[in-house]
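Peer 1: Here you go, this is target03.txt (compact mmCIF, C-alpha atoms).
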```txt
# COMPACT_ATOMS: atom_id res chain seq x y z
CA MET Y 1 -32.61 -20.98 46.92
CA ALA Y 2 -33.37 -17.33 47.44
CA TYR Y 3 -34.45 -14.96 44.70
CA SER Y 4 -32.48 -11.77 44.26
CA ASP Y 5 -34.08 -8.49 45.37
CA LYS Y 6 -34.60 -7.47 41.76
CA VAL Y 7 -36.49 -10.67 40.96
CA VAL Y 8 -38.68 -10.22 44.02
CA ASP Y 9 -39.32 -6.59 43.06
CA HIS Y 10 -40.38 -7.49 39.50
CA PHE Y 11 -42.45 -10.36 40.82
CA ASN Y 12 -44.29 -8.22 43.36
CA ASN Y 13 -44.62 -5.18 41.11
CA PRO Y 14 -44.60 -6.54 37.58
CA ARG Y 15 -44.18 -3.75 35.02
CA ASN Y 16 -46.32 -3.64 31.91
CA MET Y 17 -48.53 -6.59 32.62
CA GLY Y 18 -51.39 -6.97 30.17
CA SER Y 19 -51.92 -7.26 26.46
CA PHE Y 20 -52.63 -5.49 23.21
CA LYS Y 21 -54.97 -6.59 20.46
CA LYS Y 22 -52.84 -9.07 18.64
CA ASP Y 23 -54.46 -8.40 15.26
CA ASP Y 24 -53.50 -4.71 15.22
CA ALA Y 25 -51.01 -3.91 12.49
CA ASP Y 26 -48.63 -2.07 14.82
CA VAL Y 27 -48.52 -4.91 17.35
CA GLY Y 28 -46.08 -7.80 17.37
CA THR Y 29 -46.87 -10.82 19.51
CA GLY Y 30 -44.43 -13.45 20.74
CA MET Y 31 -45.83 -16.53 22.41
CA VAL Y 32 -43.33 -19.03 23.75
CA GLY Y 33 -43.23 -21.89 26.19
CA ALA Y 34 -40.68 -24.03 27.96
CA PRO Y 35 -41.73 -27.65 27.60
CA GLU Y 36 -39.31 -28.68 30.35
CA CYS Y 37 -41.12 -26.73 33.07
CA GLY Y 38 -44.42 -25.82 31.43
CA ASP Y 39 -43.95 -22.06 31.68
CA VAL Y 40 -45.81 -19.96 29.15
CA MET Y 41 -44.91 -16.41 28.17
CA LYS Y 42 -46.64 -13.86 25.94
CA LEU Y 43 -44.80 -10.70 25.07
CA GLN Y 44 -46.18 -7.94 22.87
CA ILE Y 45 -44.71 -4.82 21.36
CA LYS Y 46 -46.37 -1.77 19.87
CA VAL Y 47 -44.30 -0.19 17.13
CA GLN Y 48 -44.37 3.23 15.56
CA ASN Y 49 -41.83 4.40 12.99
CA ASP Y 50 -39.55 1.49 13.72
CA THR Y 51 -39.50 2.29 17.43
CA ILE Y 52 -41.10 0.27 20.18
CA VAL Y 53 -43.40 2.69 21.93
CA ASP Y 54 -44.96 0.24 24.34
CA ALA Y 55 -44.60 -3.35 25.48
CA LYS Y 56 -46.71 -5.71 27.53
CA PHE Y 57 -46.45 -9.24 28.82
CA LYS Y 58 -48.37 -12.05 30.42
CA THR Y 59 -46.52 -14.93 31.95
CA PHE Y 60 -47.63 -18.12 33.58
CA GLY Y 61 -44.65 -19.52 35.40
CA CYS Y 62 -42.21 -19.12 38.24
CA GLY Y 63 -40.96 -15.87 39.76
CA SER Y 64 -37.88 -15.76 37.57
CA ALA Y 65 -39.93 -16.17 34.40
CA ILE Y 66 -42.23 -13.34 35.45
CA ALA Y 67 -39.30 -11.12 36.41
CA SER Y 68 -37.48 -11.88 33.15
CA SER Y 69 -40.45 -10.92 31.00
CA SER Y 70 -41.25 -7.88 33.13
CA LEU Y 71 -37.68 -6.65 32.76
CA ALA Y 72 -37.73 -7.40 29.04
CA THR Y 73 -40.75 -5.15 28.48
CA GLU Y 74 -39.04 -2.34 30.39
CA TRP Y 75 -35.96 -2.64 28.26
CA LEU Y 76 -37.90 -2.83 25.01
CA LYS Y 77 -39.70 0.47 25.41
CA GLY Y 78 -38.02 3.23 23.45
CA LYS Y 79 -35.74 0.88 21.55
CA THR Y 80 -35.71 0.58 17.77
CA ILE Y 81 -36.40 -2.82 16.22
CA GLU Y 82 -32.72 -3.15 15.49
CA GLU Y 83 -31.67 -2.35 19.05
CA ALA Y 84 -34.27 -4.74 20.43
CA GLN Y 85 -32.79 -7.58 18.40
CA LYS Y 86 -29.60 -7.20 20.40
CA ILE Y 87 -31.11 -7.96 23.79
CA LYS Y 88 -29.52 -11.18 25.01
CA ASN Y 89 -30.64 -13.56 27.69
CA THR Y 90 -27.27 -13.12 29.38
CA ASP Y 91 -28.11 -9.43 29.92
CA ILE Y 92 -31.24 -10.49 31.77
CA VAL Y 93 -29.33 -13.08 33.80
CA GLN Y 94 -26.86 -10.42 34.85
CA GLU Y 95 -29.41 -7.77 35.70
CA LEU Y 96 -31.59 -10.12 37.74
CA ASN Y 97 -28.75 -12.18 39.14
CA LEU Y 98 -30.43 -15.42 38.11
CA PRO Y 99 -28.97 -18.67 39.45
CA PRO Y 100 -27.94 -21.37 36.92
CA VAL Y 101 -31.15 -23.38 37.35
CA LYS Y 102 -33.18 -20.33 36.30
CA ILE Y 103 -31.24 -19.37 33.21
CA HIS Y 104 -33.84 -21.02 30.99
CA CYS Y 105 -36.31 -18.35 32.15
CA SER Y 106 -34.14 -15.65 30.60
CA VAL Y 107 -33.80 -17.74 27.44
CA LEU Y 108 -37.58 -17.88 27.31
CA ALA Y 109 -37.73 -14.08 27.55
CA GLU Y 110 -35.20 -13.68 24.74
CA ASP Y 111 -37.17 -16.13 22.61
CA ALA Y 112 -40.33 -14.14 23.33
CA ILE Y 113 -38.67 -10.88 22.24
CA LYS Y 114 -37.42 -12.49 19.03
CA ALA Y 115 -40.84 -13.98 18.33
CA ALA Y 116 -42.60 -10.66 18.91
CA LEU Y 117 -40.18 -8.82 16.63
CA ALA Y 118 -40.52 -11.48 13.93
CA ASP Y 119 -44.30 -11.32 14.17
CA TYR Y 120 -44.28 -7.55 13.80
CA GLN Y 121 -41.88 -7.65 10.86
CA LYS Y 122 -43.98 -10.26 9.11
CA LYS Y 123 -47.02 -8.02 9.48
CA ALA Y 124 -45.10 -4.99 8.27
CA GLU Y 125 -43.99 -6.85 5.16
CA THR Y 126 -47.40 -8.09 4.13
CA GLN Y 127 -49.08 -4.71 4.55
CA PRO Y 128 -47.17 -1.53 3.88
CA ALA Y 129 -46.76 0.10 7.25
CA ASP Y 130 -46.98 3.77 8.23
CA THR Y 131 -50.64 4.22 8.58
CA LYS Y 132 -49.55 6.71 11.20
CA MET U 133 -15.85 -23.01 28.11
CA ALA U 134 -13.67 -25.23 25.98
CA ASN U 135 -13.38 -27.59 28.92
CA ASP U 136 -17.14 -27.80 29.24
CA GLN U 137 -17.33 -28.82 25.63
CA SER U 138 -14.91 -31.67 25.94
CA SER U 139 -16.42 -33.04 29.13
CA THR U 140 -19.89 -33.31 27.64
CA HIS U 141 -18.58 -34.79 24.44
CA PRO U 142 -19.66 -38.42 24.26
CA VAL U 143 -16.89 -40.91 24.84
CA PRO U 144 -16.50 -43.34 21.95
CA ARG U 145 -18.43 -46.48 22.67
CA ARG U 146 -15.55 -48.91 22.34
CA GLN U 147 -13.34 -47.04 24.77
CA LEU U 148 -16.15 -46.99 27.24
CA GLN U 149 -16.68 -50.71 27.10
CA MET U 150 -13.02 -51.32 27.70
CA ALA U 151 -12.92 -49.02 30.69
CA ARG U 152 -15.82 -50.83 32.23
CA SER U 153 -14.70 -54.32 31.40
CA MET U 154 -11.58 -54.23 33.51
CA CYS U 155 -11.73 -54.99 37.23
CA TRP U 156 -10.45 -52.04 39.28
CA HIS U 157 -8.92 -54.47 41.75
CA CYS U 158 -7.34 -57.39 39.92
CA GLN U 159 -7.31 -55.91 36.39
CA SER U 160 -8.83 -59.03 34.93
CA GLU U 161 -11.66 -58.82 32.46
CA VAL U 162 -15.09 -58.38 33.98
CA THR U 163 -17.71 -60.43 32.23
CA GLY U 164 -20.35 -60.39 34.96
CA GLU U 165 -22.77 -57.55 35.44
CA TYR U 166 -21.60 -55.92 38.65
CA PHE U 167 -18.95 -58.23 40.09
CA CYS U 168 -15.55 -59.40 38.98
CA GLU U 169 -15.70 -63.14 38.54
CA ARG U 170 -12.12 -63.61 39.51
CA CYS U 171 -11.72 -61.60 42.70
CA VAL U 172 -15.46 -61.17 43.45
CA LYS U 173 -15.10 -57.41 43.98
CA VAL U 174 -18.05 -55.14 43.33
CA GLN U 175 -17.66 -53.07 40.15
CA PRO U 176 -18.75 -49.45 39.78
CA VAL U 177 -21.63 -48.60 37.52
CA SER U 178 -20.08 -46.59 34.73
CA LYS U 179 -21.31 -42.98 34.58
CA GLU U 180 -22.18 -43.55 30.94
CA THR U 181 -24.38 -46.54 31.66
CA ASP U 182 -27.96 -45.58 30.96
CA TYR U 183 -30.70 -46.30 33.49
CA PHE U 184 -32.24 -49.05 31.38
CA THR U 185 -28.97 -50.96 31.19
CA CYS U 186 -28.31 -50.23 34.84
CA LEU U 187 -31.49 -52.07 35.82
CA GLY U 188 -31.00 -54.73 33.16
CA PHE U 189 -33.83 -53.69 30.83
CA PRO U 190 -33.83 -52.96 27.11
CA ARG U 191 -34.91 -49.47 25.98
CA ARG U 192 -38.61 -50.16 26.03
CA LEU U 193 -41.43 -47.98 27.22
CA MET U 194 -44.02 -50.50 28.34
CA LEU U 195 -42.07 -51.93 31.24
CA ASP U 196 -43.92 -54.10 33.69
CA PRO U 197 -43.88 -52.24 37.03
CA LYS U 198 -43.71 -55.46 39.03
CA THR U 199 -40.71 -56.81 37.13
CA LEU U 200 -39.01 -53.43 37.37
CA GLU U 201 -39.59 -53.29 41.10
CA ALA U 202 -38.36 -56.83 41.62
CA LYS U 203 -35.15 -56.09 39.74
CA PHE U 204 -34.67 -52.89 41.72
CA TYR U 205 -35.06 -54.70 45.05
CA GLU U 206 -32.71 -57.43 43.94
CA LEU U 207 -29.99 -54.93 43.01
CA SER U 208 -30.66 -52.81 46.09
CA ARG U 209 -29.85 -55.80 48.24
CA THR U 210 -26.76 -56.46 46.14
CA PHE U 211 -25.36 -53.00 46.80
CA HIS U 212 -26.76 -52.43 50.26
CA PRO U 213 -24.15 -50.70 52.45
CA ASP U 214 -24.88 -53.14 55.31
CA PHE U 215 -23.27 -55.94 53.35
CA TYR U 216 -20.10 -53.93 52.82
CA GLN U 217 -19.29 -52.96 56.39
CA THR U 218 -16.48 -55.46 56.64
CA LYS U 219 -15.17 -54.77 53.14
CA SER U 220 -12.47 -52.34 52.05
CA ALA U 221 -13.08 -48.59 51.86
CA ALA U 222 -12.95 -48.75 48.05
CA GLU U 223 -15.68 -51.38 47.95
CA GLN U 224 -17.81 -49.42 50.41
CA THR U 225 -17.55 -46.32 48.25
CA ILE U 226 -18.42 -48.25 45.10
CA SER U 227 -21.41 -49.99 46.61
CA LEU U 228 -22.72 -46.73 48.01
CA SER U 229 -22.43 -44.87 44.74
CA ASN U 230 -23.95 -47.81 42.87
CA ALA U 231 -26.88 -47.75 45.26
CA ALA U 232 -27.34 -44.04 44.57
CA VAL U 233 -27.29 -44.50 40.79
CA LEU U 234 -29.70 -47.38 41.14
CA ASN U 235 -32.13 -45.28 43.14
CA THR U 236 -32.13 -42.53 40.55
CA ALA U 237 -32.49 -45.07 37.76
CA TYR U 238 -35.48 -46.69 39.42
CA ARG U 239 -37.14 -43.38 40.28
CA THR U 240 -36.79 -42.29 36.65
CA LEU U 241 -37.99 -45.50 35.03
CA ARG U 242 -40.78 -46.20 37.49
CA ASP U 243 -42.88 -43.31 36.18
CA PRO U 244 -43.98 -43.89 32.56
CA ILE U 245 -43.81 -40.18 31.70
CA GLN U 246 -40.36 -39.67 33.17
CA ARG U 247 -39.26 -42.90 31.52
CA ALA U 248 -40.36 -41.59 28.12
CA GLU U 249 -38.69 -38.20 28.73
CA TYR U 250 -35.51 -40.02 29.66
CA LEU U 251 -35.64 -42.28 26.62
CA LEU U 252 -36.16 -39.26 24.38
CA GLY U 253 -33.04 -37.74 25.86
CA LEU U 254 -31.06 -40.90 25.16
CA GLU U 255 -32.37 -41.40 21.66
CA THR U 256 -32.13 -37.84 20.45
CA GLY U 257 -28.94 -36.80 22.21
CA SER U 258 -30.62 -33.83 23.77
CA VAL U 259 -34.33 -33.37 24.21
CA LYS U 260 -33.91 -29.88 22.82
CA ASP U 261 -32.79 -31.34 19.51
CA ILE U 262 -36.39 -31.96 18.64
CA ARG U 263 -37.98 -28.53 18.49
CA THR U 264 -41.67 -28.60 18.96
CA SER U 265 -43.95 -26.11 17.33
CA PRO U 266 -45.42 -24.03 20.13
CA PRO U 267 -49.08 -24.82 20.62
CA ALA U 268 -50.23 -21.20 20.33
CA ASP U 269 -53.90 -21.94 20.93
CA LEU U 270 -53.08 -23.81 24.10
CA PHE U 271 -50.92 -20.90 25.29
CA GLU U 272 -53.74 -18.42 24.73
CA GLU U 273 -56.05 -20.68 26.64
CA ILE U 274 -53.62 -21.06 29.53
CA LEU U 275 -53.04 -17.32 29.80
CA GLU U 276 -56.76 -16.61 29.70
CA LEU U 277 -57.31 -19.16 32.42
CA GLN U 278 -54.60 -17.47 34.44
CA ASP U 279 -56.60 -14.25 34.26
CA THR U 280 -59.71 -15.98 35.50
CA LEU U 281 -57.67 -17.57 38.28
CA GLU U 282 -56.36 -14.14 39.30
CA GLU U 283 -59.89 -12.76 39.28
CA TYR U 284 -61.02 -15.62 41.46
CA ARG U 285 -58.15 -15.17 43.90
CA ALA U 286 -59.08 -11.52 44.29
CA SER U 287 -62.80 -12.16 44.61
CA ASP U 288 -64.90 -12.79 47.68
CA HIS U 289 -65.25 -16.57 47.51
CA ASP U 290 -68.62 -16.56 49.24
CA ALA U 291 -70.21 -13.90 47.07
CA ASP U 292 -72.08 -14.69 43.86
CA GLU U 293 -69.21 -13.50 41.69
CA GLY U 294 -66.71 -15.75 43.49
CA ARG U 295 -69.02 -18.73 43.20
CA ARG U 296 -69.59 -18.09 39.51
CA LEU U 297 -65.86 -17.93 38.83
CA ARG U 298 -65.32 -21.05 40.86
CA ASP U 299 -67.84 -22.95 38.75
CA THR U 300 -66.19 -21.75 35.56
CA LEU U 301 -62.80 -22.87 36.80
CA LYS U 302 -64.16 -26.19 37.95
CA THR U 303 -65.55 -26.88 34.47
CA GLU U 304 -62.25 -25.87 32.89
CA GLN U 305 -60.40 -28.16 35.25
CA GLN U 306 -62.53 -31.12 34.26
CA THR U 307 -62.12 -30.39 30.56
CA LEU U 308 -58.37 -30.11 30.91
CA GLU U 309 -58.13 -33.27 32.95
CA ARG U 310 -59.99 -35.12 30.23
CA ARG U 311 -57.60 -33.73 27.66
CA LYS U 312 -54.66 -34.83 29.76
CA GLU U 313 -56.06 -38.33 29.94
CA GLU U 314 -56.59 -38.37 26.19
CA MET U 315 -52.98 -37.36 25.67
CA GLU U 316 -51.81 -40.04 28.01
CA SER U 317 -53.72 -42.69 26.12
CA GLN U 318 -52.21 -41.39 22.87
CA LEU U 319 -48.81 -41.59 24.52
CA ARG U 320 -49.40 -45.18 25.54
CA LYS U 321 -50.14 -46.03 21.92
CA LEU U 322 -46.84 -44.47 20.92
CA PHE U 323 -45.05 -46.40 23.67
CA VAL U 324 -46.43 -49.66 22.27
CA ALA U 325 -45.47 -48.64 18.74
CA TRP U 326 -41.95 -47.81 19.90
CA ASP U 327 -41.49 -51.15 21.62
CA LYS U 328 -42.79 -53.01 18.60
CA LEU U 329 -40.39 -51.19 16.34
CA GLN U 330 -37.47 -51.91 18.66
CA ASP U 331 -38.41 -55.57 18.93
CA ALA U 332 -38.48 -55.86 15.15
CA GLY U 333 -35.02 -54.30 15.11
CA GLU U 334 -35.03 -53.46 11.41
CA ALA U 335 -32.50 -50.99 10.06
CA THR U 336 -34.42 -50.12 6.90
CA SER U 337 -35.13 -46.53 5.98
CA PRO U 338 -38.91 -46.86 6.54
CA ALA U 339 -38.10 -48.17 10.02
CA ARG U 340 -35.87 -45.18 10.66
CA ALA U 341 -38.55 -42.80 9.44
CA GLU U 342 -41.06 -44.51 11.70
CA ARG U 343 -38.65 -44.20 14.62
CA ASP U 344 -38.27 -40.46 14.05
CA ARG U 345 -42.00 -40.01 13.67
CA ILE U 346 -42.67 -41.75 16.98
CA LEU U 347 -40.02 -39.74 18.82
CA LYS U 348 -41.26 -36.46 17.41
CA GLN U 349 -44.87 -37.18 18.29
CA MET U 350 -43.85 -38.27 21.75
CA ARG U 351 -41.90 -35.05 22.23
CA ASP U 352 -44.91 -32.98 21.17
CA LEU U 353 -47.35 -34.83 23.37
CA LEU U 354 -45.06 -34.77 26.39
CA SER U 355 -44.59 -31.00 26.07
CA HIS U 356 -48.30 -30.34 25.70
CA ARG U 357 -48.95 -32.56 28.63
CA THR U 358 -46.50 -30.61 30.81
CA TYR U 359 -48.29 -27.33 30.05
CA ILE U 360 -51.67 -28.83 30.77
CA ASN U 361 -50.44 -30.60 33.86
CA ASN U 362 -49.12 -27.32 35.30
CA ILE U 363 -52.32 -25.42 34.81
CA VAL U 364 -54.41 -28.33 36.10
CA ASN U 365 -52.32 -28.42 39.29
CA ASP U 366 -52.65 -24.69 39.66
CA LEU U 367 -56.41 -24.94 39.24
CA ALA U 368 -56.66 -27.77 41.73
CA VAL U 369 -54.70 -25.86 44.38
CA THR U 370 -56.61 -22.61 43.90
CA ILE U 371 -60.14 -23.94 43.97
CA ALA U 372 -59.54 -26.76 46.44
```
Translate this structure into structure tokens?
Peer 2:
Amino acid sequence: MAYSDKVVDHFNNPRNMGSFKKDDADVGTGMVGAPECGDVMKLQIKVQNDTIVDAKFKTFGCGSAIASSSLATEWLKGKTIEEAQKIKNTDIVQELNLPPVKIHCSVLAEDAIKAALADYQKKAETQPADTK
Amino acid sequence: MANDQSSTHPVPRRQLQMARSMCWHCQSEVTGEYFCERCVKVQPVSKETDYFTCLGFPRRLMLDPKTLEAKFYELSRTFHPDFYQTKSAAEQTISLSNAAVLNTAYRTLRDPIQRAEYLLGLETGSVKDIRTSPPADLFEEILELQDTLEEYRASDHDADEGRRLRDTLKTEQQTLERRKEEMESQLRKLFVAWDKLQDAGEATSPARAERDRILKQMRDLLSHRTYINNIVNDLAVTIA
């Protein structure tokens, strides 16, 4: 099975690899794993005034998992929380041209986005935001 | 999409039995395992037959490898294409596809971990039905290790820095391997508990609760083990 050019590109030049301090109030962290294949994905967002100003990821897994999370961080930047909620795994599948056996990688990325958003929102609720 | 739904929908048990219990050749009732007793034609393994049934074992997790192997060889001979060369095309097709199912069944059940994964699938409908809480600490650990692995890959392996990283990774590898072994011994305990519960065959509500507890714990341990197994393999390949 061959990877699509876009997957190879994201794999060779991953965008936004790295991490933020996960205890910072403006950071939301999503940590998810796929027990079927053992892939692990960490996706983080930095939020200001309800808008995602930056996103980073770290992924331990196959090329498609890395590409999916790399793409996800690109898409997240500049989006509002509400817009980010709407990102679907099928969008990732389409953009990266993932074959059926790799669809779970895109599901993992969607789960990671959801988890990061939920984490941020939980933080925002417990401590009144807008320190900036 | 609607078609997909209906094809994956489980066929009612009774209907299934009936479909399987009629000989494709002489339409008489098949009481034997794989052959019609009346016309002695080989019968296809039903697609819905699980691997345990296929090999003639109950749904137990502590299967004796020798017994399993013996049964597999016995059935392999039964369906071996060589014995069907003079038979009809229909019989040749059936024996061949039976042999294929049998191979998959044996390959799945032979490995205790795969056997447990498979049983979980059977018992819970879909493995995904039991959601496990993500082991966040383990994930952090794995991702940190990944960083160290990257650093090591980029380093000069003969320089001090490379050697230091290699030692760190080696230690991590040993720790993780010990943890994997621990998990496997915990799994074995659950396997025994499962078999005991099945042998008792009680339908009381404590028995059902116990059943669910065992399945859930097994699911958790198997997932954790997969994560650890992956990173251990990665470590082994990189610092070999």
Peer 1: Enumerate as a ChimeraX atom specification the residues belonging to chain U that approach chain Y to within 9 Å, with only C-alpha atoms taken into account.
Peer 2: /U:264,266-268,271-272,274-275,278,352,354-363
Peer 1: Extract, using all atoms listed in the file, all DNA, RNA and protein residues at most 8 Å from Ile45 (chain Y), discarding same-chain residues fewer than 4 positions from it, and format them as a PyMOL selection string.
Peer 2: chain Y and resi 27-29+52-56+76+116-117
Peer 1: Residues at most 12 Å from Gln306 (chain U), counting only C-alpha atoms, excluding those fewer than 6 positions away in the same chain, as a PyMOL selection string?
Peer 2: chain U and resi 299-300+312-313+360+363-365+367-368
Peer 1: Let me make sure I understand: among U:Cys168, U:Cys186, U:Met194, U:Ala222, which one has the smallest atom-to-atom distance to Gln330 (chain U) if we use all atoms listed in the file?
Peer 2: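 Among the listed residues, U:Met194 lies closest to Gln330 (chain U).
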Peer 1: Measure the distance from CA of Ser68 (chain Y) to CA of Gln48 (chain Y) in Å and round it to one decimal.
Peer 2: 24.2 Å
Peer 1: Go ahead and compute the interatomic distance for CA of Ala67 (chain Y) and CA of Glu273 (chain U), in Å to one decimal.
Peer 2: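 Those two atoms sit 21.6 Å apart.
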Peer 1: Grab the CA of Glu74 (chain Y) to CA of Lys102 (chain Y) distance for me, in Å with one decimal place.
Peer 2: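 Computing the Euclidean distance for CA of Glu74 (chain Y) and CA of Lys102 (chain Y) yields 19.8 Å.
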Peer 1: Between U:Gln305, U:Gln175, U:Thr336, U:Ser287, which is the closest to Gln224 (chain U) once you count all atoms listed in the file?
Peer 2: U:Gln175
Peer 1: List as a list in words the protein and nucleic acid residues near region 78-89 of chain Y, meaning an atom at most 10 Å away when only C-alpha atoms are counted, but skip any in the same chain fewer than 6 places from it.
Peer 2: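 Here the answer would be Ile45, Val47, Gln48, Asn49, Asp50, Thr51, Ile52, Val53, Asp54, Ala55, Ser68, Ala72, Glu95, Ile103, His104, Cys105, Ser106, Val107, Leu108, Ala109, Glu110, Asp111, Ile113, Lys114, Leu117, Ala118, Tyr120 and Gln121 of chain Y.
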Peer 1: Nearest residue to Asn12 (chain Y) out of Y:Thr73, Y:Gln44, Y:Ser64, Y:Gln127, using all atoms listed in the file?
Peer 2: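 Closest to Asn12 (chain Y) of all the choices is Y:Ser64.
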Peer 1: Between Y:Arg15, Y:Lys21, Y:Thr90, Y:Lys123, which residue has the minimum interatomic distance to Phe57 (chain Y), considering all atoms listed in the file?
Peer 2: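 Under the stated criterion, the closest residue is Y:Arg15.
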Peer 1: Compute the distance from (-45.9, -39.2, 31.8) to each atom, counting only C-alpha atoms, keep the residues with any atom at most 9 Å away, and return them as a ChimeraX atom specification; use the coordinates of the file.
Peer 2: /U:243-249,316,319,354,357-358
Peer 1: Filtering to C-alpha atoms, could you give me those residues as a compact mmCIF listing (two decimals), in the frame of the given file?
Peer 2:
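Final output, part.txt:
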```
# COMPACT_ATOMS: atom_id res chain seq x y z
CA ASP U 243 -42.88 -43.31 36.18
CA PRO U 244 -43.98 -43.89 32.56
CA ILE U 245 -43.81 -40.18 31.70
CA GLN U 246 -40.36 -39.67 33.17
CA ARG U 247 -39.26 -42.90 31.52
CA ALA U 248 -40.36 -41.59 28.12
CA GLU U 249 -38.69 -38.20 28.73
CA GLU U 316 -51.81 -40.04 28.01
CA LEU U 319 -48.81 -41.59 24.52
CA LEU U 354 -45.06 -34.77 26.39
CA ARG U 357 -48.95 -32.56 28.63
CA THR U 358 -46.50 -30.61 30.81
```
Peer 1: Taking all atoms of region 29-43 of chain Y that the file lists and extending 5 Å past them on each side, where is the centre of the axis-aligned box and how long are its edges? Answer in Å to one decimal, as lines of an AutoDock Vina configuration file.
Peer 2:
```
center_x = -43.1
center_y = -19.7
center_z = 26.3
size_x = 17.6
size_y = 28.0
size_z = 23.6
```
